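Student: The structure's right below; bear with me while I get my questions together.
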Amino acid sequence: MEEHTVKKNFETLLEQSAIRFQKEVQIKQAIIDYVVELDNKLVLVEAKGDRSNIFGAIGQLVNAKRTCSHVFLLAPSNLIKKMLEIDKETRILSDFGFIEILDNKINILKKPIGKYYYKEDSQKIRKPHNKKNGMYVNEMDLNILSTFDNFLTSDIVKKYGSSYHYAQYIINRLKRAKLIEIANDGALPKFYKVIRKDVRLDEWIDFKI
């Protein structure tokens, strides 16, 4: 099923069910396909067709997760199966939700896992710390720390299908948190070494300034 058909069917069913939604909403530097009201909360939904690039789709989902814990992938069942098969090794999609359109109904295969919801002012409900002075450990951080001992920026790009810019953003955060360090200072390309793996999801780490 093509992506535009997936979206058309999804919007028709939302309208028939009187579910509020917004299309193509800017979330920080990215655009998410839908902000949908489910269970009286606003959640994010990224729609893909069965010919979509799997790794590109994963990168978009991870980016959306930075703003909202409750992110769904809306896709044909065959694409969802392929993504979950690839994900058996990385487990990067374990906290995402999945939606398919089955028998002319919206079928939620799995709900996302998370502690906060998207708000229209793009702020997270959970915000006890100043983000400039630290970071919360997220799924991507954990995956990188557990997967690699030594790595290049390009290794993250290849492994997770992210952009080079986003991979470098993650590296800079991990460096400031002293979870990784440059292993070949002064040489190019820069090589990074993991120096801490004993962190937990959603753990707050203060940057040492």
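Letters for chains follow the order of the structure tokens (A, B, ...), residue numbers begin at 1 for each chain, and ligand numbers begin at 1 in the order shown.
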Please provide the set of residues having any atom within 9 Å of stretch 93-103 of chain A, restricted to only C-alpha atoms, with same-chain residues fewer than 3 positions apart removed, written as a PyMOL selection string.

Tutor: chain A and resi 6+9-10+45+58+61-62+65+69-77+80+83-84+87+90+106-114+139

Student: Find the spatial neighbours of A:Ala183, counting only C-alpha atoms, within a cut-off of 10 Å - ignore same-chain residues fewer than 6 positions away - and output them as a ChimeraX atom specification.

Tutor: /A:150-151,190-194

Student: Here is a test: counting only C-alpha atoms, which residue of A:Lys7, A:Arg20, A:Arg173, A:Asp33 is nearest to A:Asn133?

Tutor: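 Ranked by minimum distance to A:Asn133, first place goes to A:Arg173.
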
Student: Would you mind listing what lies within 7 Å of A:Glu37 as a list in words, with only C-alpha atoms counted and same-chain residues fewer than 2 positions away left out?

Tutor: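 Once the adjacent positions are removed, what remains is Ile19, Arg20, Phe21, Val35, Asp39, Asn40, Lys41, Leu42 and Val43 of chain A.
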
Student: Between atom CA of A:Asn143 and atom CA of A:Lys197, what is the spacing in Å?

Tutor: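 Result for atom CA of A:Lys197 versus atom CA of A:Asn143: 10.0 Å, one decimal.
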
Student: Find the residues near A:Ile171: any atom within 12 Å, counting only C-alpha atoms, skip ones fewer than 5 places away on the same chain, and give them as a list in words.

Tutor: Met140, Asp141, Ile144, Leu145, Phe151, Leu152, Thr153, Ser154, Asp155, Ile156, Val157, Tyr164, His165, Tyr166, Arg176, Ala177, Lys178, Leu179, Ile180, Glu181, Ile182, Lys190, Phe191, Tyr192, Lys193 and Val194 of chain A

Student: Would you put the residues from that selection into a file with C-alpha atoms, as a short mmCIF file (atom, residue, chain, number, x, y, z; two decimals), in the first residue's frame?

Tutor:
```cif
data_model
loop_
_atom_site.label_atom_id
_atom_site.label_comp_id
_atom_site.auth_asym_id
_atom_site.auth_seq_id
_atom_site.Cartn_x
_atom_site.Cartn_y
_atom_site.Cartn_z
CA MET A 140 19.24 5.89 21.37
CA ASP A 141 21.84 6.70 24.03
CA ILE A 144 24.86 3.24 21.31
CA LEU A 145 26.46 2.63 24.70
CA PHE A 151 32.98 3.88 17.03
CA LEU A 152 32.99 6.65 14.42
CA THR A 153 30.13 9.05 13.69
CA SER A 154 29.59 7.16 10.44
CA ASP A 155 29.02 3.93 12.42
CA ILE A 156 25.92 5.47 14.05
CA VAL A 157 24.66 6.72 10.68
CA TYR A 164 25.12 12.71 10.08
CA HIS A 165 23.96 15.90 11.84
CA TYR A 166 21.75 13.97 14.29
CA ARG A 176 29.29 16.29 27.70
CA ALA A 177 27.79 13.66 29.99
CA LYS A 178 31.19 11.93 30.12
CA LEU A 179 29.73 8.65 28.85
CA ILE A 180 32.14 8.62 25.89
CA GLU A 181 35.43 10.30 25.06
CA ILE A 182 37.58 10.95 21.99
CA LYS A 190 37.46 11.31 15.23
CA PHE A 191 37.20 7.97 17.00
CA TYR A 192 35.12 7.64 20.17
CA LYS A 193 35.42 5.25 23.10
CA VAL A 194 32.59 4.31 25.46
#
```

Student: Give me, as a list in words, the residues of stretch 27-140 of chain A that a backbone DSSP run labels alpha helix (DSSP H).

Tutor: Ile54, Phe55, Gly56, Ala57, Ile58, Gly59, Gln60, Leu61, Val62, Asn63, Ala64, Lys65, Ser77, Asn78, Leu79, Ile80, Lys81, Lys82, Met83, Leu84, Glu85, Ile86, Asp87, Lys88, Glu89, Thr90, Glu139 and Met140 of chain A

Student: Report as a VMD selection string all protein, DNA and RNA residues lying within 9 Å of stretch 24-27 of chain A, evaluated on only C-alpha atoms, omitting residues in the same chain fewer than 4 positions from it.

Tutor: chain A and resid 31 to 35 64 67 122

Student: May I ask which of the residues A:Tyr160, A:Phe55, A:Phe207, A:Tyr116 is the closest one to A:Asn172, counting only C-alpha atoms?

Tutor: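 Of A:Tyr160, A:Phe55, A:Phe207, A:Tyr116, the one nearest A:Asn172 is A:Phe207, counting only C-alpha atoms.
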
Student: Could you state the separation of atom CA of A:Ala187 and atom CA of A:Lys175 in Å, given to one decimal place?

Tutor: 16.9 Å

Student: Please provide the set of residues having any atom within 7 Å of A:Ile205, restricted to only C-alpha atoms, with same-chain residues fewer than 3 positions apart removed, written as a list in words.

Tutor: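 My reading of the contact set: Gly134, Met135, Tyr136 and Ala177 of chain A.
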
Student: Selection from above, C-alpha atoms, as a PDB file, in the first residue's frame, can you write it?

Tutor:
```
ATOM      1  CA  GLY A 134      22.362  17.935  31.730  1.00  0.00           C
ATOM      2  CA  MET A 135      20.420  15.294  29.827  1.00  0.00           C
ATOM      3  CA  TYR A 136      17.998  12.427  30.252  1.00  0.00           C
ATOM      4  CA  ALA A 177      27.786  13.655  29.989  1.00  0.00           C
TER       5      ALA A 177
END
```

Student: I'd like the interatomic distance between atom CA of A:Leu79 and atom CA of A:Lys23, to a tenth of an Å.

Tutor: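 If I compute the distance from atom CA of A:Leu79 to atom CA of A:Lys23, I get 21.9 Å.
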